[in-house]
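Student: Sharing upload_16.cif, mmCIF, C-alpha atoms:
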```cif
data_target
loop_
_atom_site.label_atom_id
_atom_site.label_comp_id
_atom_site.auth_asym_id
_atom_site.auth_seq_id
_atom_site.Cartn_x
_atom_site.Cartn_y
_atom_site.Cartn_z
CA MET M 739 7.25 36.79 -15.63
CA ILE M 740 9.47 37.40 -12.58
CA ARG M 741 12.51 37.39 -14.83
CA VAL M 742 10.97 40.05 -17.07
CA THR M 743 9.98 42.17 -14.08
CA HIS M 744 13.51 42.01 -12.61
CA LEU M 745 14.95 42.91 -15.99
CA MET M 746 12.61 45.85 -16.31
CA ILE M 747 13.44 47.11 -12.81
CA ILE M 748 17.17 46.86 -13.47
CA ARG M 749 16.82 48.56 -16.83
CA THR M 750 14.73 51.36 -15.34
CA LEU M 751 16.94 52.01 -12.31
CA SER M 752 20.40 51.62 -13.75
CA PRO M 753 22.36 52.78 -16.76
CA PRO M 754 22.73 50.19 -19.56
CA PHE M 755 24.68 47.08 -18.42
CA PRO M 756 26.71 44.80 -20.56
CA THR M 757 24.53 41.73 -21.29
CA VAL M 758 26.64 39.20 -19.28
CA CYS M 759 26.71 41.41 -16.20
CA GLU M 760 22.97 41.93 -16.47
CA SER M 761 22.16 38.25 -16.67
CA ILE M 762 24.45 37.41 -13.72
CA MET M 763 22.68 40.00 -11.62
CA ILE M 764 19.25 38.79 -12.68
CA SER M 765 20.05 35.19 -11.86
CA ALA M 766 21.48 36.29 -8.48
CA ILE M 767 18.27 38.17 -7.69
CA GLU M 768 16.22 35.21 -8.84
CA GLN M 769 18.27 32.91 -6.64
CA ILE M 770 17.71 35.17 -3.62
CA GLY M 771 14.00 35.20 -4.40
CA ARG M 772 13.86 31.43 -4.72
CA VAL M 773 15.71 30.89 -1.43
CA THR M 774 13.49 33.44 0.34
CA LEU M 775 10.31 31.84 -1.00
CA ARG M 776 11.51 28.34 -0.13
CA THR M 777 12.59 29.36 3.38
CA SER M 778 9.40 31.28 4.15
CA SER M 779 7.25 28.44 2.83
CA SER M 780 9.21 25.91 4.91
CA VAL M 781 8.97 28.08 8.06
CA GLY M 782 5.26 28.65 7.37
CA SER M 783 4.47 24.96 7.00
CA THR M 784 6.57 24.08 10.09
CA LEU M 785 4.71 26.66 12.18
CA SER M 786 1.32 25.55 10.88
CA PHE M 787 2.13 21.91 11.69
CA ALA M 788 3.48 23.03 15.08
CA ALA M 789 0.16 24.79 15.78
CA ARG M 790 -1.80 21.62 14.89
CA VAL M 791 0.34 19.43 17.17
CA PHE M 792 0.27 22.04 19.96
CA LEU M 793 -3.55 22.27 19.90
CA ARG M 794 -3.85 18.47 19.80
CA MET M 795 -1.77 18.30 22.99
CA PHE M 796 -4.73 19.80 24.88
CA GLU M 797 -7.29 17.34 23.53
CA ARG M 798 -8.33 14.49 25.80
CA ARG M 799 -8.57 11.94 22.98
CA SER M 800 -4.83 12.32 22.34
CA TYR M 801 -4.15 10.48 25.58
CA ASN M 802 -5.56 7.00 24.96
CA SER M 803 -3.89 3.86 26.29
CA ALA M 804 -1.70 3.42 23.18
CA SER M 805 -0.44 7.03 23.20
CA ARG M 806 0.25 6.88 26.94
CA MET M 807 2.38 3.79 26.37
CA VAL M 808 4.37 5.62 23.67
CA LEU M 809 4.80 8.60 26.01
CA ILE M 810 6.14 6.40 28.83
CA ASN M 811 8.58 4.66 26.45
CA GLN M 812 9.74 7.97 25.05
CA ILE M 813 10.34 9.44 28.51
CA TYR M 814 12.35 6.33 29.39
CA PHE M 815 14.48 6.59 26.22
CA THR M 816 15.03 10.35 26.50
CA SER M 817 15.21 11.12 30.20
CA VAL M 818 16.13 7.89 31.96
CA GLN M 819 18.55 6.13 29.61
CA ILE M 820 20.58 9.32 29.22
CA LEU M 821 20.98 9.91 32.99
CA PRO M 822 24.48 8.39 33.53
CA LEU M 823 25.99 10.37 30.64
CA PHE M 824 23.99 13.45 31.55
CA LEU M 825 25.06 13.44 35.21
CA PHE M 826 28.69 12.86 34.19
CA VAL M 827 28.58 15.86 31.83
CA ALA M 828 26.81 17.96 34.49
CA VAL M 829 29.46 17.17 37.12
CA ILE M 830 32.39 17.87 34.75
CA PHE M 831 30.77 21.04 33.46
CA GLY M 832 29.74 22.12 36.96
CA ALA M 833 33.25 21.70 38.31
CA MET M 834 34.72 23.63 35.38
CA VAL M 835 32.23 26.52 35.39
CA ASN M 836 32.21 26.88 39.15
CA GLY M 837 36.00 26.80 39.27
CA MET M 838 36.19 29.63 36.73
CA VAL M 839 33.39 31.70 38.28
CA PHE M 840 34.75 31.47 41.81
CA GLN M 841 38.31 32.23 40.75
CA LEU M 842 37.08 35.29 38.84
CA ILE M 843 34.90 36.51 41.70
CA LYS M 844 37.80 36.06 44.12
CA LYS M 845 40.22 37.90 41.85
CA ILE M 846 38.03 40.95 41.27
CA GLY M 847 36.66 40.84 44.81
CA GLN M 848 33.00 41.12 43.79
CA THR M 849 31.45 38.39 45.92
CA ASP M 850 28.07 40.20 45.81
CA TYR M 851 27.76 39.18 42.19
CA LEU M 852 28.19 35.47 42.89
CA GLY M 853 24.46 34.71 43.04
CA ARG M 854 23.65 36.77 39.98
CA LEU M 855 26.44 35.16 38.01
CA LEU M 856 25.38 31.64 38.96
CA MET M 857 21.67 32.23 38.38
CA GLY M 858 22.05 34.36 35.25
CA PHE M 859 24.80 32.34 33.63
CA VAL M 860 24.44 28.76 34.83
CA VAL M 861 20.69 28.39 35.39
CA MET M 862 19.44 30.70 32.63
CA GLU M 863 21.94 30.02 29.87
CA ILE M 864 24.29 27.09 30.33
CA SER M 865 21.88 24.47 31.71
CA PRO M 866 19.21 24.72 28.99
CA PHE M 867 21.85 24.99 26.27
CA VAL M 868 23.90 21.93 27.30
CA THR M 869 20.71 19.95 27.94
CA VAL M 870 19.21 20.79 24.56
CA LEU M 871 22.46 19.87 22.81
CA LEU M 872 22.59 16.47 24.53
CA ILE M 873 18.92 15.70 23.86
CA ALA M 874 19.16 16.91 20.25
CA LEU M 875 22.25 14.79 19.58
CA ARG M 876 20.66 11.71 21.07
CA SER M 877 16.89 11.85 20.78
CA SER M 878 16.21 14.24 17.87
CA SER M 879 18.38 12.21 15.54
CA ALA M 880 16.73 8.99 16.76
CA ILE M 881 13.21 10.40 16.23
CA ASN M 882 14.17 11.67 12.78
CA ALA M 883 15.55 8.29 11.70
CA GLU M 884 12.65 6.39 13.30
CA ILE M 885 9.95 8.40 11.51
CA ALA M 886 11.86 8.27 8.20
CA VAL M 887 12.23 4.47 8.50
CA MET M 888 8.53 4.13 9.31
CA LYS M 889 7.72 6.21 6.23
CA VAL M 890 9.99 4.13 3.97
CA ASN M 891 8.60 0.84 5.39
CA ARG M 892 5.02 2.11 4.82
CA GLU M 893 4.35 1.75 8.54
CA LEU M 894 2.87 5.25 8.68
CA SER M 895 0.34 4.30 6.02
CA THR M 896 -0.40 1.10 7.97
CA LEU M 897 -1.39 3.23 10.96
CA GLU M 898 -3.62 5.32 8.72
CA ILE M 899 -5.24 2.19 7.25
CA PHE M 900 -6.18 1.16 10.79
CA ASN M 901 -7.59 4.65 11.46
CA ILE M 902 -4.84 5.52 13.91
CA ASP M 903 -4.17 9.25 13.86
CA LEU M 904 -0.45 9.90 13.43
CA ILE M 905 -0.54 13.12 15.44
CA ASP M 906 -2.28 11.47 18.40
CA TYR M 907 -0.32 8.25 18.41
CA LEU M 908 3.16 9.21 17.19
CA PHE M 909 3.69 12.96 17.40
CA VAL M 910 1.96 14.24 20.55
CA PRO M 911 3.72 11.72 22.87
CA ARG M 912 7.12 12.53 21.33
CA VAL M 913 6.66 16.29 21.49
CA LEU M 914 5.25 16.17 25.02
CA ASN M 915 8.18 14.00 26.05
CA GLY M 916 10.55 16.57 24.51
CA ILE M 917 9.01 19.36 26.61
CA LEU M 918 8.92 17.36 29.86
CA SER M 919 12.42 15.95 29.41
CA MET M 920 13.91 19.35 28.59
CA VAL M 921 12.38 20.99 31.68
CA PHE M 922 13.31 18.06 33.94
CA LEU M 923 16.86 17.52 32.66
CA SER M 924 17.67 21.24 32.54
CA SER M 925 16.49 21.62 36.15
CA LEU M 926 18.58 18.59 37.11
CA PHE M 927 21.63 20.05 35.37
CA SER M 928 21.19 23.35 37.25
CA LEU M 929 20.78 21.47 40.52
CA VAL M 930 24.00 19.49 39.99
CA VAL M 931 26.01 22.55 38.95
CA LEU M 932 24.67 24.65 41.85
CA SER M 933 25.43 21.79 44.28
CA ILE M 934 29.00 21.73 43.04
CA GLY M 935 28.96 25.52 43.44
CA LEU M 936 28.05 25.06 47.09
CA PHE M 937 30.99 22.72 47.59
CA VAL M 938 33.44 25.04 45.79
CA SER M 939 32.13 28.12 47.62
CA SER M 940 32.50 26.45 51.03
CA VAL M 941 36.08 25.46 50.14
CA ILE M 942 37.16 28.84 48.65
CA PHE M 943 35.08 31.29 50.73
CA GLY M 944 34.00 29.12 53.63
CA THR M 945 30.35 29.93 52.86
CA SER M 946 27.66 28.07 54.81
CA VAL M 947 24.78 26.22 53.11
CA ASP M 948 22.22 28.78 54.36
CA ALA M 949 24.26 31.74 53.11
CA TYR M 950 24.79 30.13 49.73
CA ILE M 951 21.10 29.32 49.24
CA ASP M 952 20.17 32.79 50.47
CA THR M 953 22.55 34.36 47.91
CA LEU M 954 21.00 32.30 45.11
CA LEU M 955 17.42 33.03 46.14
CA ARG M 956 18.09 36.76 46.35
CA SER M 957 19.45 36.67 42.80
CA ALA M 958 16.56 34.68 41.36
CA SER M 959 13.56 36.47 39.92
CA LEU M 960 10.24 34.86 39.11
CA LEU M 961 10.21 36.40 35.62
CA ASP M 962 13.62 34.92 34.83
CA MET M 963 12.45 31.50 35.98
CA ILE M 964 9.30 31.74 33.83
CA ILE M 965 11.44 32.73 30.83
CA VAL M 966 13.83 29.81 31.37
CA TRP M 967 10.94 27.32 31.69
CA PHE M 968 9.36 28.69 28.51
CA LYS M 969 12.72 28.48 26.80
CA CYS M 970 13.18 24.85 27.84
CA ALA M 971 9.62 24.03 26.72
CA ALA M 972 10.21 25.73 23.36
CA PHE M 973 13.49 23.84 22.94
CA GLY M 974 11.79 20.54 23.79
CA PHE M 975 8.88 21.26 21.45
CA PHE M 976 10.94 22.15 18.40
CA ILE M 977 13.79 19.65 18.76
CA THR M 978 11.22 16.86 18.60
CA LEU M 979 8.78 18.42 16.15
CA ILE M 980 11.34 19.32 13.46
CA PRO M 981 12.79 15.77 13.23
CA ILE M 982 9.22 14.45 12.93
CA ILE M 983 8.46 16.80 10.03
CA LEU M 984 11.72 16.01 8.26
CA GLY M 985 11.25 12.28 8.87
CA MET M 986 7.81 12.52 7.28
CA ASN M 987 9.40 14.19 4.26
CA ALA M 988 11.42 11.06 3.47
CA SER M 989 10.42 9.38 0.21
CA GLN M 990 9.84 5.64 -0.32
CA GLU M 991 13.55 5.09 -0.98
CA LEU M 992 16.03 3.90 1.64
CA THR M 993 18.55 6.51 0.50
CA SER M 994 16.18 9.26 1.61
CA ILE M 995 16.66 8.30 5.29
CA PRO M 996 20.19 9.76 5.78
CA VAL M 997 19.16 12.85 3.80
CA ALA M 998 16.10 13.32 6.04
CA VAL M 999 18.21 12.92 9.20
CA LEU M 1000 20.89 15.31 7.93
CA ASN M 1001 18.37 18.00 6.98
CA GLY M 1002 16.51 17.47 10.22
CA MET M 1003 19.58 17.93 12.39
CA VAL M 1004 20.63 21.09 10.55
CA LYS M 1005 17.15 22.54 11.09
CA VAL M 1006 17.15 21.46 14.74
CA PHE M 1007 20.39 23.36 15.36
CA SER M 1008 19.02 26.40 13.52
CA ALA M 1009 15.92 26.27 15.74
CA ILE M 1010 18.10 26.02 18.88
CA ILE M 1011 20.02 29.15 17.87
CA ILE M 1012 16.84 31.06 16.99
CA ILE M 1013 15.16 30.19 20.32
CA GLU M 1014 18.35 31.06 22.23
CA VAL M 1015 18.55 34.47 20.54
CA LEU M 1016 14.81 35.18 20.99
CA SER M 1017 14.90 34.25 24.69
CA SER M 1018 17.93 36.51 25.22
CA ILE M 1019 16.14 39.39 23.50
CA VAL M 1020 13.02 38.87 25.66
CA ARG M 1021 15.13 38.62 28.80
CA PHE M 1022 17.22 41.71 28.20
CA ILE M 1023 14.32 43.88 26.99
CA MET N 181 -13.13 -14.38 -2.72
CA ARG N 182 -12.56 -11.88 -5.48
CA PHE N 183 -10.28 -12.64 -8.37
CA PHE N 184 -8.88 -10.19 -10.89
CA GLU N 185 -7.08 -10.44 -14.18
CA SER N 186 -4.55 -7.67 -13.66
CA GLU N 187 -2.69 -5.86 -10.89
CA GLU N 188 -4.30 -2.54 -11.87
CA GLU N 189 -7.83 -3.95 -11.67
CA LEU N 190 -7.10 -5.64 -8.34
CA GLN N 191 -5.60 -2.48 -6.85
CA GLU N 192 -8.51 -0.36 -8.07
CA LYS N 193 -11.18 -2.69 -6.63
CA LEU N 194 -9.21 -3.06 -3.41
CA ARG N 195 -8.96 0.72 -3.05
CA ASP N 196 -12.71 1.06 -3.57
CA PHE N 197 -13.37 -1.68 -1.03
CA ILE N 198 -11.03 -0.10 1.52
CA THR N 199 -12.75 3.27 1.08
CA ALA N 200 -16.19 1.71 1.47
CA HIS N 201 -15.27 -0.19 4.65
CA LYS N 202 -12.74 2.27 6.10
CA SER N 203 -14.12 2.31 9.64
CA ARG N 204 -14.23 -1.49 10.06
CA LEU N 205 -11.33 -2.49 7.84
CA GLY N 206 -8.75 -5.02 9.00
CA LEU N 207 -6.22 -5.28 6.21
CA VAL N 208 -3.80 -8.19 5.91
CA SER N 209 -1.40 -7.15 3.20
CA LEU N 210 2.24 -6.57 2.41
CA GLU N 211 1.16 -2.95 1.98
CA ALA N 212 0.28 -2.83 5.68
CA PRO N 213 3.34 -4.28 7.44
CA LEU N 214 3.70 -4.76 11.19
CA ILE N 215 5.25 -1.81 13.04
CA SER N 216 8.89 -2.84 13.29
CA ASN N 217 9.73 -1.15 16.59
CA LEU N 218 6.90 -2.90 18.44
CA PRO N 219 6.75 -6.55 19.54
CA VAL N 220 4.01 -8.70 18.02
CA TRP N 221 1.70 -8.44 21.02
CA SER N 222 1.91 -4.61 20.94
CA ASN N 223 1.19 -4.57 17.23
CA ILE N 224 -1.99 -6.55 17.83
CA ALA N 225 -2.95 -4.73 21.03
CA LEU N 226 -2.43 -1.31 19.46
CA ILE N 227 -5.81 -1.41 17.70
CA ARG N 228 -7.81 -1.95 20.89
CA GLN N 229 -5.59 0.28 22.99
CA TYR N 230 -6.06 3.13 20.54
CA HIS N 231 -9.71 2.72 19.52
CA GLN N 232 -11.18 1.29 22.72
CA ASN N 233 -8.70 2.75 25.20
CA MET N 234 -8.06 -0.76 26.54
CA SER N 235 -5.49 -0.67 29.34
CA TRP N 236 -2.00 -2.03 28.80
CA HIS N 237 -2.60 -4.83 31.33
CA GLU N 238 -5.94 -5.90 29.88
CA ALA N 239 -4.58 -5.74 26.32
CA LYS N 240 -1.60 -7.92 27.26
CA ILE N 241 -3.84 -10.57 28.82
CA THR N 242 -6.21 -10.53 25.81
CA ILE N 243 -3.43 -10.86 23.26
CA ASP N 244 -1.57 -13.54 25.21
CA ARG N 245 -4.82 -15.54 25.32
CA LEU N 246 -5.36 -15.12 21.57
CA LEU N 247 -1.79 -16.09 20.71
CA HIS N 248 -2.16 -19.13 22.94
CA ARG N 249 -5.35 -20.10 21.11
CA MET N 250 -3.46 -19.92 17.81
CA GLY N 251 -0.51 -21.87 19.27
CA MET N 252 1.71 -18.84 18.77
CA ASP N 253 2.67 -17.99 22.37
CA SER N 254 6.34 -17.85 21.42
CA ILE N 255 5.98 -14.89 19.06
CA ALA N 256 4.50 -12.43 21.59
CA GLU N 257 7.77 -10.60 22.23
CA LYS N 258 9.28 -11.06 18.75
CA ARG N 259 9.57 -8.19 16.29
CA ASN N 260 8.64 -8.20 12.61
CA PRO N 261 12.05 -8.99 11.07
CA SER N 262 12.54 -12.08 13.23
CA LEU N 263 9.19 -13.69 12.34
CA THR N 264 8.71 -16.54 9.90
CA LYS N 265 6.17 -16.08 7.08
CA GLU N 266 3.48 -18.05 8.94
CA GLU N 267 4.14 -16.22 12.20
CA ARG N 268 3.96 -12.87 10.40
CA PHE N 269 0.68 -13.86 8.79
CA TYR N 270 -0.79 -14.91 12.15
CA ALA N 271 0.27 -11.59 13.66
CA MET N 272 -1.20 -9.56 10.78
CA LEU N 273 -4.45 -11.52 10.83
CA LEU N 274 -4.86 -11.14 14.59
CA ARG N 275 -4.16 -7.42 14.30
CA ALA N 276 -6.85 -7.15 11.62
CA ALA N 277 -9.25 -9.14 13.78
CA MET N 278 -8.84 -6.66 16.63
CA VAL N 279 -10.88 -4.06 14.75
CA ARG N 280 -14.44 -3.88 16.10
CA ASP N 281 -16.83 -5.82 13.76
CA ALA N 282 -13.83 -6.39 11.56
CA VAL N 283 -14.16 -6.64 7.80
CA VAL N 284 -10.93 -8.55 7.22
CA VAL N 285 -9.35 -8.24 3.80
CA LEU N 286 -6.62 -10.65 2.78
CA ASP N 287 -4.78 -8.93 -0.05
CA LYS N 288 -2.98 -11.56 -2.14
CA PRO N 289 -2.29 -13.81 0.88
CA PHE N 290 0.06 -16.00 -1.15
CA SER N 291 2.38 -13.02 -1.53
CA ILE N 292 2.85 -13.13 2.26
CA LEU N 293 2.81 -16.92 2.56
CA THR N 294 4.98 -17.57 -0.47
CA ASN N 295 5.79 -21.11 0.64
CA LEU N 296 2.16 -22.30 0.60
CA ARG N 297 0.99 -24.65 -2.13
CA ASP N 298 -2.77 -24.21 -1.57
CA GLY N 299 -5.34 -22.35 0.52
CA HIS N 300 -6.00 -25.03 3.16
CA PHE N 301 -3.79 -23.34 5.69
CA LEU N 302 -5.57 -20.03 5.03
CA MET N 303 -9.02 -21.54 5.58
CA HIS N 304 -7.80 -23.30 8.71
CA ILE N 305 -6.38 -20.13 10.18
CA LEU N 306 -9.51 -18.10 9.28
CA HIS N 307 -11.68 -20.67 11.09
CA LYS N 308 -9.59 -20.15 14.20
CA VAL N 309 -10.49 -16.45 14.33
CA ASP N 310 -14.05 -16.92 13.06
CA ASP N 311 -15.60 -15.55 16.26
CA LEU N 312 -13.50 -12.37 16.13
CA ILE N 313 -14.39 -11.13 12.67
CA ALA N 314 -17.61 -10.11 10.96
CA GLU N 315 -16.56 -10.69 7.34
CA ALA N 316 -13.51 -11.99 5.51
CA HIS N 317 -12.67 -11.14 1.90
CA ILE N 318 -9.81 -12.44 -0.19
CA PHE N 319 -8.48 -10.39 -3.10
CA ASP N 320 -6.21 -12.23 -5.50
CA TYR N 321 -5.37 -12.84 -9.15
CA SER N 322 -7.66 -15.03 -11.22
CA TRP N 323 -4.80 -17.39 -12.01
CA ALA N 324 -4.54 -18.18 -8.29
CA LYS N 325 -8.09 -19.61 -8.19
CA GLU N 326 -6.90 -23.19 -8.22
CA ARG N 327 -4.82 -22.66 -5.15
CA TYR N 328 -8.04 -21.84 -3.29
CA GLY N 329 -9.81 -24.84 -4.79
CA VAL N 330 -12.13 -22.57 -6.79
CA THR N 331 -13.02 -23.83 -10.25
CA ALA N 332 -16.01 -21.68 -11.28
CA ASP N 333 -15.36 -18.48 -13.18
CA ALA N 334 -17.69 -16.39 -11.10
CA GLU N 335 -16.43 -14.33 -8.17
CA ASP N 336 -17.02 -15.60 -4.67
#
```
Would you put the structure from the file into structure tokens?
Tutor:
Amino acid sequence: MIRVTHLMIIRTLSPPFPTVCESIMISAIEQIGRVTLRTSSSVGSTLSFAARVFLRMFERRSYNSASRMVLINQIYFTSVQILPLFLFVAVIFGAMVNGMVFQLIKKIGQTDYLGRLLMGFVVMEISPFVTVLLIALRSSSAINAEIAVMKVNRELSTLEIFNIDLIDYLFVPRVLNGILSMVFLSSLFSLVVLSIGLFVSSVIFGTSVDAYIDTLLRSASLLDMIIVWFKCAAFGFFITLIPIILGMNASQELTSIPVAVLNGMVKVFSAIIIIEVLSSIVRFI
Amino acid sequence: MRFFESEEELQEKLRDFITAHKSRLGLVSLEAPLISNLPVWSNIALIRQYHQNMSWHEAKITIDRLLHRMGMDSIAEKRNPSLTKEERFYAMLLRAAMVRDAVVVLDKPFSILTNLRDGHFLMHILHKVDDLIAEAHIFDYSWAKERYGVTADAED
């Protein structure tokens, strides 16, 4: 039916085509249609599942003893185990970024912009981005593989047999952990980078601690902080939810596990880019 | 005990039984494996922690006591892949028994305990958890009757 409609439209709008050219164009249009339908259906189902999990996060029954235990374990795996690597990356990154920023400020002689540059660039952009990349690389892939393995091993159906709700027991703790860990680790990253900034600024400009903090506080706005917290929460929500959905999509075959993880990670990175762009649009509007 | 001639018939009756007893069902089956990223005690405790909101501490004490009663203290911290067939069966049975007023269903138990010659071990183990469960049902093939010591053609 769609094929006929496309053909009719092309025939009505354009002069007669050679048959081969016509069929290539029709199949191209069909392909675009198929991709659009598939993408919109996938986005639609992801958002509808996201809404279900989000609403369940506010229900008291989601926080029984078993779910709380999962939440504690997840926080340990995501936020505590990663700390040595995370702090190392934060220190290296902090030294590099601060070195560049302070050299630039010194060169152009615009010390008034120091606070704005650090708050706008480091706290608002760099910290959430580096944090989400580290968590996605480590925890999202682990969650994706874990859920896919549970699906293949029929462990998810075991939970259902014992009347254990998958959203309450498996998904809410993981998603909540994603949100909490993102906000906590991003704040920690900012703190480390800004502390290194204090050290560099006292060495290059001889700035005192009070003056440095005062400069930062004057450059910080409440709206910006709310946006960055929302951004971190959105990152945390989607980089845990998407791997869960893709893990659930695994079939009963072992070979579906790497496929599920691969697809999941691609979608996680797409989500990171989309959230980053949306938050920038909101911020600059 | 319920015996069936074919896999299809067994699966159909089992499905009907599961649907009818959904809220009190404690299934012991290869189709309901232990959760592989949890130790045995957590697998068993999960049912009470989730449905009765039993605290972690209380659940640990309860399960340790149960495992001790079964002579299985050593498996508390083990995970599914490192269990022997008997240990796995104990863990699955105890998990099933944790359901309130449990209707325990043993689905082809000899497919889990492949090394067993007859049903004496099964009866012995079921007696040990007698006080924890309300009903126990065994679903198996009719040709396995002898292994249970059943000679009559009738079910049960």
Student: For chain M, which residues have at least one atom within 10 Å of chain N, if we go by all atoms listed in the file? Write them as a PyMOL selection string, please.
Tutor: chain M and resi 799-807+884+887-888+891-903+906-907
Student: Suppose a student applies the PyMOL selection byres ((chain M and resi 773-786) around 12) to this structure; what residues should they get, written as number ranges by chain?
Tutor: M: 766-772, 787-793, 975-976, 979-984, 986-987, 1002, 1005-1006, 1008-1009
Student: Tell me which of N:Val208, N:Leu306, N:Arg297, N:Ala316 sits closest to Ala271 in chain N, counting only C-alpha atoms.
Tutor: N:Val208
Student: Around (15.1, 32.4, 33.4), as given in the file, which residues come within 10 Å? Count only C-alpha atoms and list them as a list in words.
Tutor: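 Here the neighbourhood of the point contains Met857, Gly858, Phe859, Val861, Met862, Glu863, Pro866, Ala958, Ser959, Leu960, Leu961, Asp962, Met963, Ile964, Ile965, Val966, Trp967, Phe968, Lys969, Cys970, Ser1017, Ser1018 and Arg1021 of chain M.
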Student: Using all atoms listed in the file for the distances, tell me which of M:Val930, M:Val941, M:Ile820, M:Leu904 is nearest to Arg876 in chain M.
Tutor: M:Ile820
Student: Which value, in Å to one decimal, gives the distance between CA of Ile905 in chain M and CA of Met795 in chain M?
Tutor: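 Atom-to-atom, CA of Ile905 in chain M and CA of Met795 in chain M are spaced 9.2 Å apart.
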Student: Rounded to one decimal in Å, what is the spacing between CA of Val818 in chain M and CA of Thr869 in chain M?
Tutor: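 It comes out at 13.5 Å.
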Student: Box in all listed atoms of range 878-897 of chain M, axis-aligned, with 3 Å more on each side; write out centre and edge lengths in Å to one decimal as JSON.
Tutor:
```
{"center_x": 8.5, "center_y": 7.5, "center_z": 10.9, "size_x": 25.8, "size_y": 19.4, "size_z": 19.9}
```
Student: Can you turn the PyMOL selection byres ((chain N and resi 252-262) around 9) into a concrete residue list for this file, as an MDAnalysis selection string?
Tutor: chainID N and resid 213:222 243:251 263:264 267:268 270:271
Student: For the residues selected in the previous step, produce a file with C-alpha atoms as a PDB file, in the frame of the given file.
Tutor:
```
ATOM      1  CA  PRO N 213       3.340  -4.280   7.440  1.00  0.00           C
ATOM      2  CA  LEU N 214       3.700  -4.760  11.190  1.00  0.00           C
ATOM      3  CA  ILE N 215       5.250  -1.810  13.040  1.00  0.00           C
ATOM      4  CA  SER N 216       8.890  -2.840  13.290  1.00  0.00           C
ATOM      5  CA  ASN N 217       9.730  -1.150  16.590  1.00  0.00           C
ATOM      6  CA  LEU N 218       6.900  -2.900  18.440  1.00  0.00           C
ATOM      7  CA  PRO N 219       6.750  -6.550  19.540  1.00  0.00           C
ATOM      8  CA  VAL N 220       4.010  -8.700  18.020  1.00  0.00           C
ATOM      9  CA  TRP N 221       1.700  -8.440  21.020  1.00  0.00           C
ATOM     10  CA  SER N 222       1.910  -4.610  20.940  1.00  0.00           C
ATOM     11  CA  ILE N 243      -3.430 -10.860  23.260  1.00  0.00           C
ATOM     12  CA  ASP N 244      -1.570 -13.540  25.210  1.00  0.00           C
ATOM     13  CA  ARG N 245      -4.820 -15.540  25.320  1.00  0.00           C
ATOM     14  CA  LEU N 246      -5.360 -15.120  21.570  1.00  0.00           C
ATOM     15  CA  LEU N 247      -1.790 -16.090  20.710  1.00  0.00           C
ATOM     16  CA  HIS N 248      -2.160 -19.130  22.940  1.00  0.00           C
ATOM     17  CA  ARG N 249      -5.350 -20.100  21.110  1.00  0.00           C
ATOM     18  CA  MET N 250      -3.460 -19.920  17.810  1.00  0.00           C
ATOM     19  CA  GLY N 251      -0.510 -21.870  19.270  1.00  0.00           C
ATOM     20  CA  LEU N 263       9.190 -13.690  12.340  1.00  0.00           C
ATOM     21  CA  THR N 264       8.710 -16.540   9.900  1.00  0.00           C
ATOM     22  CA  GLU N 267       4.140 -16.220  12.200  1.00  0.00           C
ATOM     23  CA  ARG N 268       3.960 -12.870  10.400  1.00  0.00           C
ATOM     24  CA  TYR N 270      -0.790 -14.910  12.150  1.00  0.00           C
ATOM     25  CA  ALA N 271       0.270 -11.590  13.660  1.00  0.00           C
TER      26      ALA N 271
END
```
Student: Rounded to one decimal, what separation in Å do you get between CA of Ala200 in chain N and CA of His304 in chain N?
Tutor: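 Between CA of Ala200 in chain N and CA of His304 in chain N the gap works out to 27.4 Å.
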Student: On this file, the PyMOL selection byres ((chain N and resi 312) around 12) gives some set of residues; write that set as number ranges by chain.
Tutor: N: 206, 246, 273-284, 306-311, 313-316
Student: Taking all atoms listed in the file into account, name the residue in N:Phe197, N:Phe269, N:Trp323, N:Phe184 that is nearest to Leu293 in chain N.
Tutor: N:Phe269
Student: Of the residues N:Ala324, N:Pro289, N:Phe319, N:Gly329, which is the one nearest to Glu192 in chain N, using all atoms listed in the file?
Tutor: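 Among N:Ala324, N:Pro289, N:Phe319, N:Gly329, it is N:Phe319 that comes nearest to Glu192 in chain N.
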Student: Here is a test: counting only C-alpha atoms, which residue of N:Arg327, N:Ile305, N:Lys288, N:His300 is nearest to Arg182 in chain N?
Tutor: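 Result for the nearest residue to Arg182 in chain N: N:Lys288.
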Student: For Val868 in chain M, which residue among M:Phe796, M:Phe824, M:Phe1007, M:Tyr950 is the nearest when counting all atoms listed in the file?
Tutor: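 Between M:Phe796, M:Phe824, M:Phe1007, M:Tyr950, the residue approaching Val868 in chain M most closely is M:Phe824.
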Student: If you count all atoms listed in the file, which residues fall within 9 Å of Val931 in chain M, apart from same-chain ones fewer than 6 positions away, as a list in words?
Tutor: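 These residues fall inside the cut-off: Ala828, Val829, Ile830, Phe831, Gly832, Ala833, Val835, Asn836, Val860, Val861 and Ser865 of chain M.
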Student: For a cut-off of 10 Å around (-10.0, -11.1, -5.4), file coordinates, pick out all residues using all atoms listed in the file and list them as a list in words.
Tutor: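 The residues near that point, listed by chain and number, are Met181, Arg182, Phe183, Phe184, Glu185, Glu189, Leu190, Gln191, Lys193, Leu194, Val285, Leu286, Asp287, Lys288, His317, Ile318, Phe319, Asp320, Tyr321, Ser322, Ala324, Lys325, Glu335 and Asp336 of chain N.
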